[in-house]
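Note: the block below is target.tsv and it holds TSV, C-alpha atoms.
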chain	number	residue	atom	x	y	z
N	21	MET	CA	10.63	-67.31	-50.72
N	22	ARG	CA	13.28	-69.59	-52.16
N	23	VAL	CA	13.01	-69.13	-55.92
N	24	LEU	CA	14.83	-71.14	-58.57
N	25	VAL	CA	15.53	-68.91	-61.57
N	26	THR	CA	17.01	-70.39	-64.73
N	27	GLY	CA	18.95	-68.08	-67.02
N	28	THR	CA	20.37	-65.77	-64.33
N	29	ALA	CA	23.27	-64.76	-66.60
N	30	GLY	CA	20.72	-63.84	-69.26
N	31	PHE	CA	19.08	-60.50	-69.92
N	32	ILE	CA	15.69	-61.01	-68.24
N	33	GLY	CA	16.86	-63.57	-65.68
N	34	ASN	CA	19.56	-61.28	-64.33
N	35	HIS	CA	17.22	-58.32	-63.90
N	36	LEU	CA	14.65	-60.60	-62.26
N	37	ALA	CA	17.20	-62.08	-59.85
N	38	ILE	CA	18.21	-58.59	-58.72
N	39	ARG	CA	14.61	-57.61	-58.02
N	40	LEU	CA	13.89	-60.82	-56.10
N	41	LEU	CA	17.03	-60.40	-54.00
N	42	GLU	CA	16.17	-56.76	-53.31
N	43	ARG	CA	12.83	-57.74	-51.84
N	44	GLY	CA	14.36	-60.42	-49.62
N	45	ASP	CA	13.89	-63.65	-51.54
N	46	GLU	CA	16.55	-66.34	-51.86
N	47	VAL	CA	17.54	-67.01	-55.48
N	48	ILE	CA	19.00	-70.27	-56.75
N	49	GLY	CA	20.36	-69.32	-60.16
N	50	ILE	CA	21.07	-71.77	-62.98
N	51	ASP	CA	22.89	-70.84	-66.19
N	52	ASN	CA	25.31	-72.62	-68.51
N	53	LEU	CA	26.84	-69.40	-69.92
N	54	ASN	CA	26.82	-70.80	-73.46
N	55	ASP	CA	28.51	-68.90	-76.27
N	56	TYR	CA	25.40	-68.06	-78.30
N	57	TYR	CA	26.49	-64.48	-77.65
N	58	ASP	CA	29.30	-62.69	-75.76
N	59	VAL	CA	30.08	-64.71	-72.63
N	60	SER	CA	31.87	-61.75	-71.03
N	61	LEU	CA	28.58	-59.83	-70.98
N	62	LYS	CA	26.95	-62.76	-69.21
N	63	GLU	CA	29.81	-62.87	-66.71
N	64	ALA	CA	29.41	-59.12	-66.11
N	65	ARG	CA	25.71	-59.57	-65.41
N	66	LEU	CA	26.49	-62.27	-62.86
N	67	GLU	CA	29.02	-59.97	-61.17
N	68	ARG	CA	26.07	-57.79	-60.16
N	69	ILE	CA	24.62	-60.54	-57.96
N	70	LYS	CA	27.23	-63.24	-57.34
N	71	ASN	CA	28.30	-61.89	-53.94
N	72	HIS	CA	24.79	-61.42	-52.58
N	73	PRO	CA	24.33	-63.58	-49.46
N	74	ASN	CA	20.97	-64.89	-50.68
N	75	PHE	CA	22.18	-65.89	-54.16
N	76	VAL	CA	23.49	-69.33	-55.12
N	77	GLU	CA	25.11	-69.66	-58.55
N	78	ILE	CA	24.89	-73.01	-60.33
N	79	ARG	CA	26.41	-73.62	-63.76
N	80	ALA	CA	24.52	-76.38	-65.51
N	81	ASP	CA	22.73	-77.28	-68.73
N	82	LEU	CA	18.97	-77.61	-68.40
N	83	GLU	CA	19.15	-80.76	-70.50
N	84	ASP	CA	21.40	-82.43	-67.90
N	85	ARG	CA	18.64	-84.49	-66.28
N	86	GLN	CA	20.58	-85.76	-63.27
N	87	ARG	CA	22.11	-82.38	-62.44
N	88	ILE	CA	18.77	-80.56	-62.58
N	89	ARG	CA	17.13	-83.17	-60.39
N	90	ALA	CA	19.99	-82.84	-57.90
N	91	VAL	CA	19.48	-79.06	-57.75
N	92	PHE	CA	15.78	-79.50	-56.94
N	93	GLU	CA	16.59	-82.17	-54.37
N	94	GLU	CA	19.26	-80.09	-52.60
N	95	TYR	CA	17.60	-76.67	-52.57
N	96	ARG	CA	13.85	-77.52	-52.59
N	97	PRO	CA	12.70	-74.26	-54.20
N	98	GLN	CA	9.19	-73.10	-53.37
N	99	ARG	CA	8.72	-71.45	-56.76
N	100	VAL	CA	10.46	-71.63	-60.12
N	101	VAL	CA	10.90	-69.14	-62.96
N	102	ASN	CA	12.20	-70.77	-66.14
N	103	LEU	CA	13.80	-68.15	-68.39
N	104	ALA	CA	16.75	-70.14	-69.75
N	105	ALA	CA	16.24	-71.11	-73.38
N	106	GLN	CA	17.87	-71.10	-76.76
N	107	ALA	CA	16.59	-67.79	-78.09
N	108	GLY	CA	16.45	-66.23	-81.53
N	109	VAL	CA	14.20	-66.77	-84.54
N	110	ARG	CA	16.85	-66.60	-87.27
N	111	TYR	CA	19.36	-68.78	-85.39
N	112	SER	CA	16.76	-71.57	-85.32
N	113	LEU	CA	17.18	-71.85	-89.09
N	114	VAL	CA	20.90	-72.51	-88.61
N	115	ASN	CA	21.08	-74.67	-85.47
N	116	PRO	CA	17.69	-76.32	-84.90
N	117	TYR	CA	18.95	-79.06	-82.57
N	118	SER	CA	19.93	-76.56	-79.87
N	119	TYR	CA	16.24	-75.58	-79.57
N	120	ILE	CA	15.16	-79.14	-78.95
N	121	ASP	CA	17.92	-79.70	-76.39
N	122	ALA	CA	17.40	-76.55	-74.32
N	123	ASN	CA	13.76	-75.64	-74.92
N	124	ILE	CA	12.15	-79.09	-75.01
N	125	GLN	CA	14.41	-81.50	-73.12
N	126	GLY	CA	15.50	-78.78	-70.71
N	127	PHE	CA	11.95	-77.69	-69.98
N	128	LEU	CA	10.89	-81.29	-69.40
N	129	ASN	CA	13.59	-81.56	-66.72
N	130	ILE	CA	12.23	-78.42	-65.04
N	131	LEU	CA	8.70	-79.83	-65.11
N	132	GLU	CA	9.90	-83.10	-63.61
N	133	GLY	CA	11.70	-81.21	-60.85
N	134	CYS	CA	8.51	-79.28	-60.07
N	135	ARG	CA	6.54	-82.53	-60.05
N	136	HIS	CA	8.78	-84.51	-57.73
N	137	PHE	CA	9.71	-81.74	-55.30
N	138	GLU	CA	6.31	-80.09	-54.74
N	139	VAL	CA	6.96	-76.68	-56.26
N	140	GLU	CA	4.14	-74.24	-55.46
N	141	HIS	CA	4.19	-72.39	-58.80
N	142	LEU	CA	6.11	-72.56	-62.07
N	143	VAL	CA	6.32	-69.41	-64.20
N	144	TYR	CA	8.00	-69.85	-67.59
N	145	ALA	CA	8.92	-67.74	-70.59
N	146	SER	CA	6.93	-68.20	-73.73
N	147	SER	CA	7.13	-65.72	-76.61
N	148	SER	CA	5.09	-63.51	-78.91
N	149	SER	CA	6.60	-65.65	-81.68
N	150	VAL	CA	3.94	-68.29	-80.98
N	151	TYR	CA	1.41	-66.10	-82.81
N	152	GLY	CA	3.21	-67.00	-86.03
N	153	ALA	CA	1.01	-66.55	-89.09
N	154	ASN	CA	-1.77	-64.83	-87.12
N	155	THR	CA	-2.75	-61.42	-88.49
N	156	LYS	CA	-5.66	-60.44	-86.22
N	157	MET	CA	-4.42	-57.66	-83.95
N	158	PRO	CA	-3.88	-57.21	-81.10
N	159	PHE	CA	-2.66	-60.74	-80.38
N	160	SER	CA	-4.74	-62.29	-77.61
N	161	VAL	CA	-3.96	-65.29	-75.43
N	162	HIS	CA	-7.43	-66.52	-76.40
N	163	HIS	CA	-6.48	-66.77	-80.10
N	164	ASN	CA	-5.46	-70.04	-81.76
N	165	VAL	CA	-1.66	-70.30	-82.17
N	166	ASP	CA	-1.27	-73.44	-84.25
N	167	HIS	CA	0.76	-71.93	-87.10
N	168	PRO	CA	4.30	-71.10	-85.91
N	169	LEU	CA	6.77	-69.71	-88.47
N	170	SER	CA	10.03	-70.84	-86.84
N	171	LEU	CA	11.28	-73.76	-84.79
N	172	TYR	CA	11.91	-71.31	-81.94
N	173	ALA	CA	8.20	-70.40	-81.97
N	174	ALA	CA	7.23	-74.07	-82.16
N	175	SER	CA	9.42	-74.87	-79.14
N	176	LYS	CA	7.71	-72.14	-77.11
N	177	LYS	CA	4.26	-73.39	-78.12
N	178	ALA	CA	5.41	-76.87	-77.10
N	179	ASN	CA	6.37	-75.50	-73.67
N	180	GLU	CA	2.83	-74.24	-73.17
N	181	LEU	CA	1.41	-77.64	-74.10
N	182	MET	CA	3.86	-79.47	-71.85
N	183	ALA	CA	3.06	-77.16	-68.94
N	184	HIS	CA	-0.67	-77.78	-69.37
N	185	THR	CA	-0.10	-81.53	-69.34
N	186	TYR	CA	1.76	-81.34	-66.02
N	187	SER	CA	-0.83	-78.99	-64.56
N	188	HIS	CA	-3.55	-81.45	-65.56
N	189	LEU	CA	-1.81	-84.67	-64.51
N	190	TYR	CA	-0.06	-83.55	-61.33
N	191	GLY	CA	-1.84	-80.36	-60.26
N	192	ILE	CA	1.27	-78.19	-60.69
N	193	PRO	CA	0.26	-74.52	-61.00
N	194	THR	CA	1.90	-73.15	-64.16
N	195	THR	CA	1.83	-69.69	-65.73
N	196	GLY	CA	3.24	-69.02	-69.19
N	197	LEU	CA	4.28	-65.48	-70.14
N	198	ARG	CA	4.43	-64.48	-73.79
N	199	PHE	CA	7.09	-61.76	-73.90
N	200	PHE	CA	6.98	-59.13	-76.63
N	201	THR	CA	10.39	-57.86	-77.90
N	202	VAL	CA	12.18	-57.08	-74.65
N	203	TYR	CA	14.81	-54.32	-74.66
N	204	GLY	CA	16.81	-52.20	-72.22
N	205	PRO	CA	20.15	-51.95	-70.38
N	206	TRP	CA	22.22	-55.18	-70.22
N	207	GLY	CA	20.24	-56.46	-73.22
N	208	ARG	CA	21.08	-59.18	-75.72
N	209	PRO	CA	23.69	-58.40	-78.41
N	210	ASP	CA	21.70	-60.36	-81.00
N	211	MET	CA	18.70	-58.02	-80.70
N	212	ALA	CA	18.07	-55.11	-83.08
N	213	LEU	CA	18.64	-52.29	-80.57
N	214	PHE	CA	22.05	-53.62	-79.61
N	215	ILE	CA	23.10	-54.31	-83.21
N	216	PHE	CA	21.87	-50.94	-84.47
N	217	THR	CA	23.63	-49.04	-81.69
N	218	ARG	CA	26.96	-50.77	-82.27
N	219	LYS	CA	26.84	-50.26	-86.04
N	220	ILE	CA	25.68	-46.64	-85.93
N	221	LEU	CA	28.53	-45.75	-83.56
N	222	ALA	CA	30.98	-47.59	-85.81
N	223	GLY	CA	29.68	-45.82	-88.93
N	224	GLU	CA	28.54	-49.12	-90.43
N	225	PRO	CA	25.21	-49.59	-92.28
N	226	ILE	CA	22.36	-51.28	-90.44
N	227	ASP	CA	20.17	-53.96	-92.05
N	228	VAL	CA	16.55	-52.80	-92.05
N	229	TYR	CA	14.38	-55.82	-92.77
N	230	ASN	CA	10.96	-55.74	-94.43
N	231	HIS	CA	12.08	-52.37	-95.84
N	232	GLY	CA	11.40	-50.79	-92.45
N	233	ARG	CA	7.73	-51.74	-92.40
N	234	HIS	CA	8.07	-53.95	-89.32
N	235	LYS	CA	6.03	-53.09	-86.27
N	236	ARG	CA	7.04	-54.40	-82.86
N	237	ASP	CA	5.51	-54.16	-79.41
N	238	PHE	CA	8.81	-53.20	-77.77
N	239	THR	CA	8.63	-53.85	-74.01
N	240	TYR	CA	11.08	-52.32	-71.54
N	241	ILE	CA	12.92	-54.70	-69.25
N	242	ASP	CA	11.63	-53.18	-65.98
N	243	ASP	CA	8.05	-53.68	-67.17
N	244	ILE	CA	8.79	-57.30	-68.05
N	245	VAL	CA	10.29	-57.98	-64.62
N	246	GLU	CA	7.37	-56.35	-62.83
N	247	GLY	CA	4.99	-58.56	-64.79
N	248	VAL	CA	7.00	-61.69	-63.97
N	249	ILE	CA	7.06	-60.92	-60.26
N	250	ARG	CA	3.37	-60.13	-60.06
N	251	THR	CA	2.42	-63.34	-61.85
N	252	LEU	CA	4.89	-65.34	-59.75
N	253	ASP	CA	3.13	-64.06	-56.62
N	254	LYS	CA	-0.30	-64.95	-58.02
N	255	VAL	CA	-0.35	-68.74	-58.11
N	256	ALA	CA	-2.22	-70.08	-61.14
N	257	GLU	CA	-5.67	-71.48	-60.38
N	258	PRO	CA	-8.20	-73.55	-62.33
N	259	ASN	CA	-10.81	-71.63	-64.29
N	260	PRO	CA	-14.19	-72.79	-62.92
N	261	GLN	CA	-15.93	-71.41	-66.04
N	262	TRP	CA	-13.75	-73.38	-68.44
N	263	ASP	CA	-15.97	-75.16	-71.01
N	264	SER	CA	-14.62	-78.17	-72.89
N	265	ASP	CA	-17.18	-77.59	-75.66
N	266	HIS	CA	-15.74	-74.10	-76.20
N	267	PRO	CA	-12.20	-74.41	-74.81
N	268	ASP	CA	-10.30	-71.28	-73.84
N	269	SER	CA	-6.61	-71.64	-74.72
N	270	ALA	CA	-5.45	-69.26	-71.95
N	271	SER	CA	-6.85	-71.23	-69.00
N	272	SER	CA	-8.11	-74.67	-68.05
N	273	ARG	CA	-9.81	-76.80	-65.46
N	274	ALA	CA	-6.21	-77.41	-64.38
N	275	PRO	CA	-4.20	-74.69	-62.56
N	276	TYR	CA	-2.85	-73.26	-65.82
N	277	ARG	CA	-2.70	-69.68	-67.14
N	278	LEU	CA	-1.21	-67.76	-70.06
N	279	TYR	CA	-0.58	-64.00	-70.27
N	280	ASN	CA	0.91	-61.59	-72.77
N	281	ILE	CA	3.43	-59.07	-71.45
N	282	GLY	CA	3.84	-56.30	-74.02
N	283	ASN	CA	3.80	-52.54	-74.14
N	284	ASN	CA	0.42	-52.59	-75.94
N	285	GLN	CA	1.74	-49.87	-78.29
N	286	PRO	CA	3.36	-51.20	-81.48
N	287	VAL	CA	6.17	-49.04	-82.85
N	288	GLU	CA	7.16	-48.84	-86.51
N	289	LEU	CA	10.76	-49.90	-87.09
N	290	MET	CA	11.62	-46.61	-88.82
N	291	TYR	CA	10.42	-44.60	-85.79
N	292	PHE	CA	12.40	-46.93	-83.54
N	293	ILE	CA	15.52	-46.16	-85.60
N	294	GLU	CA	14.81	-42.42	-85.60
N	295	THR	CA	14.47	-42.45	-81.81
N	296	LEU	CA	17.78	-44.30	-81.51
N	297	GLU	CA	19.46	-41.82	-83.87
N	298	LYS	CA	18.31	-38.93	-81.67
N	299	ALA	CA	19.57	-40.64	-78.50
N	300	LEU	CA	22.98	-41.27	-80.12
N	301	GLY	CA	23.18	-37.95	-81.93
N	302	ARG	CA	24.09	-39.77	-85.13
N	303	GLU	CA	22.29	-40.77	-88.33
N	304	ALA	CA	22.23	-44.40	-89.41
N	305	LYS	CA	23.26	-45.65	-92.82
N	306	LYS	CA	20.43	-47.98	-93.81
N	307	ASN	CA	20.51	-51.13	-95.91
N	308	PHE	CA	16.87	-51.96	-96.74
N	309	LEU	CA	16.13	-55.69	-97.12
N	310	PRO	CA	13.05	-57.89	-97.59
N	311	LEU	CA	11.23	-59.81	-94.85
N	312	GLN	CA	13.43	-62.65	-93.58
N	313	PRO	CA	12.36	-66.31	-93.26
N	314	GLY	CA	10.74	-66.94	-89.88
N	315	ASP	CA	10.04	-63.24	-89.21
N	316	VAL	CA	6.55	-61.84	-88.71
N	317	PRO	CA	5.69	-58.35	-90.00
N	318	ALA	CA	4.05	-57.08	-86.80
N	319	THR	CA	3.43	-57.85	-83.14
N	320	TYR	CA	0.87	-56.19	-80.87
N	321	ALA	CA	-0.06	-57.50	-77.42
N	322	ASP	CA	-3.52	-57.60	-75.89
N	323	ILE	CA	-2.70	-57.35	-72.18
N	324	ASP	CA	-6.21	-57.13	-70.73
N	325	ASP	CA	-5.91	-60.55	-69.05
N	326	LEU	CA	-2.63	-59.58	-67.38
N	327	THR	CA	-4.11	-56.31	-66.12
N	328	GLU	CA	-7.22	-58.01	-64.79
N	329	ALA	CA	-5.23	-60.75	-63.06
N	330	VAL	CA	-2.42	-58.75	-61.42
N	331	GLY	CA	-3.32	-55.08	-61.88
N	332	PHE	CA	-0.35	-54.19	-64.05
N	333	ARG	CA	0.18	-52.62	-67.48
N	334	PRO	CA	3.63	-51.93	-68.96
N	335	SER	CA	4.02	-48.17	-69.42
N	336	THR	CA	7.62	-47.20	-70.27
N	337	PRO	CA	7.62	-45.04	-73.45
N	338	ILE	CA	9.94	-46.17	-76.22
N	339	GLU	CA	11.78	-42.83	-76.14
N	340	GLU	CA	12.59	-43.21	-72.45
N	341	GLY	CA	13.56	-46.87	-72.75
N	342	ILE	CA	15.92	-46.31	-75.69
N	343	GLN	CA	17.61	-43.40	-73.92
N	344	ARG	CA	18.22	-45.57	-70.86
N	345	PHE	CA	19.71	-48.29	-73.06
N	346	VAL	CA	21.99	-45.82	-74.84
N	347	ASP	CA	23.17	-44.36	-71.52
N	348	TRP	CA	24.03	-47.87	-70.31
N	349	TYR	CA	25.68	-48.87	-73.60
N	350	LEU	CA	27.95	-45.80	-73.70
N	351	ASP	CA	28.97	-46.49	-70.10
N	352	TYR	CA	29.62	-50.20	-70.67
N	353	TYR	CA	31.25	-49.80	-74.11
N	354	PRO	CA	32.99	-46.38	-74.00
N	355	VAL	CA	33.28	-44.87	-77.49
N	356	GLY	CA	36.67	-43.38	-78.36
Please express the file's structure as structure tokens.
Amino acid sequence: MRVLVTGTAGFIGNHLAIRLLERGDEVIGIDNLNDYYDVSLKEARLERIKNHPNFVEIRADLEDRQRIRAVFEEYRPQRVVNLAAQAGVRYSLVNPYSYIDANIQGFLNILEGCRHFEVEHLVYASSSSVYGANTKMPFSVHHNVDHPLSLYAASKKANELMAHTYSHLYGIPTTGLRFFTVYGPWGRPDMALFIFTRKILAGEPIDVYNHGRHKRDFTYIDDIVEGVIRTLDKVAEPNPQWDSDHPDSASSRAPYRLYNIGNNQPVELMYFIETLEKALGREAKKNFLPLQPGDVPATYADIDDLTEAVGFRPSTPIEEGIQRFVDWYLDYYPVG
């Protein structure tokens, strides 16, 4: 297939592009390489794929309406995976406009491209952050998610609503994937695992929010990519049992689906840190802090719908995933 992937210099997008190329797909990759975090890391990710004969690199902002339309018009992708976004919960408190530009305006341009150039299936990144103030665990795609706690979460919820509208109006099959705390080699420097590793190796204290009582459904990158590919290959279909008197939020009469992709095994933050300490062979100095604005105390994914639809359950243990990250980190950033 010819697949348009946005965010190919990003963590998930880069891993996904490699897997698609390995199986013989063509990948049209869009990224603007913004400076939200280390651009050299993004460049290094792109080096892994830029010379592949089936990869086309395009540097563009998703919010550039004319440029995005021109990409669709020139390359006519059969399927699209939208992973480019302004990420980060805490950063949305500092720079809210970037979330509207990239996550709302940018996503609208992707939807319009899919509409006008007959894309067979759009898969897009949502987030576990949409569960917001929900406390019923595990989080299910059938639960109401009308109480986001950050603008980032609100922008991802908006993406789901926008996708449903286009599925309903124009029959575009769309599948939204709510990712749960993705980690692994080539990860994002703004994420806890990356920050903790750098500071522990430097002998600096790490900030442990919510006094270490956080729980997160940490999901290894390879599991995320497998879930994306399986859902990409399974084109979203209408739910013939959908009942407007008792509406199901995860499906529709339109070709629209939502799935969680998480490890289905929440890990306490303190155990996460202990596992990292063992992998590094060093003890962390800890600075315990309260829960931060926009943060949620726990995430836990119900993945039954994903398993039923595509026969896949993430399975990488946290101990194995952290060790793989540390091995990569020490190779990429040699210590001493």
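Proximity ranking of N:Val23, N:Ile293, N:Leu311, N:Leu171 relative to Gly108 in chain N places N:Leu171 first, based on all atoms listed in the file.
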For Asn179 in chain N, which residue among N:Thr195, N:Gln98, N:Gln343, N:Ser271 is the nearest when counting all atoms listed in the file?
N:Thr195
Looking at N:Ser264, N:Ser160, N:Thr336, N:Thr201, which one is nearest to Glu246 in chain N, with distances taken over only C-alpha atoms?
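Closest residue, counting only C-alpha atoms: N:Thr336.
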Skipping near chain neighbours, those fewer than 6 positions away, what residues fall within 9 Å of range 230-232 of chain N using all atoms listed in the file, listed as a ChimeraX atom specification?
/N:288-290,307-312,317
Spatial neighbours of Arg65 in chain N, max dist 10 Å, only C-alpha atoms, sep filter under 4 positions, as number ranges by chain
N: 28-31, 33-35, 59-61, 69-70, 206
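With all atoms listed in the file taken into account, the protein and nucleic acid residues at most 10 Å from Ile220 in chain N (excluding it and anything under 2 positions from it in its own chain) are Ile215, Phe216, Thr217, Arg218, Ala222, Gly223, Glu224, Pro225, Ile226, Leu296, Glu297, Leu300, Gly301, Arg302, Glu303, Ala304, Lys305 and Lys306 of chain N.
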How close does each residue of range 97-184 of chain N get to range 319-328 of chain N, giving the shortest atom pair and distance in Å to one decimal for every residue with an atom at most 8 Å away, counting only C-alpha atoms, sorted by chain and residue number, as CSV?
residue,atom,partner,partner_atom,distance
N:Ser148,CA,N:Thr319,CA,7.3
N:Met157,CA,N:Tyr320,CA,6.3
N:Pro158,CA,N:Tyr320,CA,4.9
N:Phe159,CA,N:Ala321,CA,5.1
N:Ser160,CA,N:Asp322,CA,5.1
N:Val161,CA,N:Asp322,CA,7.7
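Here CA of Val47 in chain N and CA of Glu140 in chain N stand 15.2 Å from one another.
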Report the distance between CA of Leu252 in chain N and CA of Trp348 in chain N in Å, rounded to one decimal place.
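If I compute the distance from CA of Leu252 in chain N to CA of Trp348 in chain N, I get 28.0 Å.
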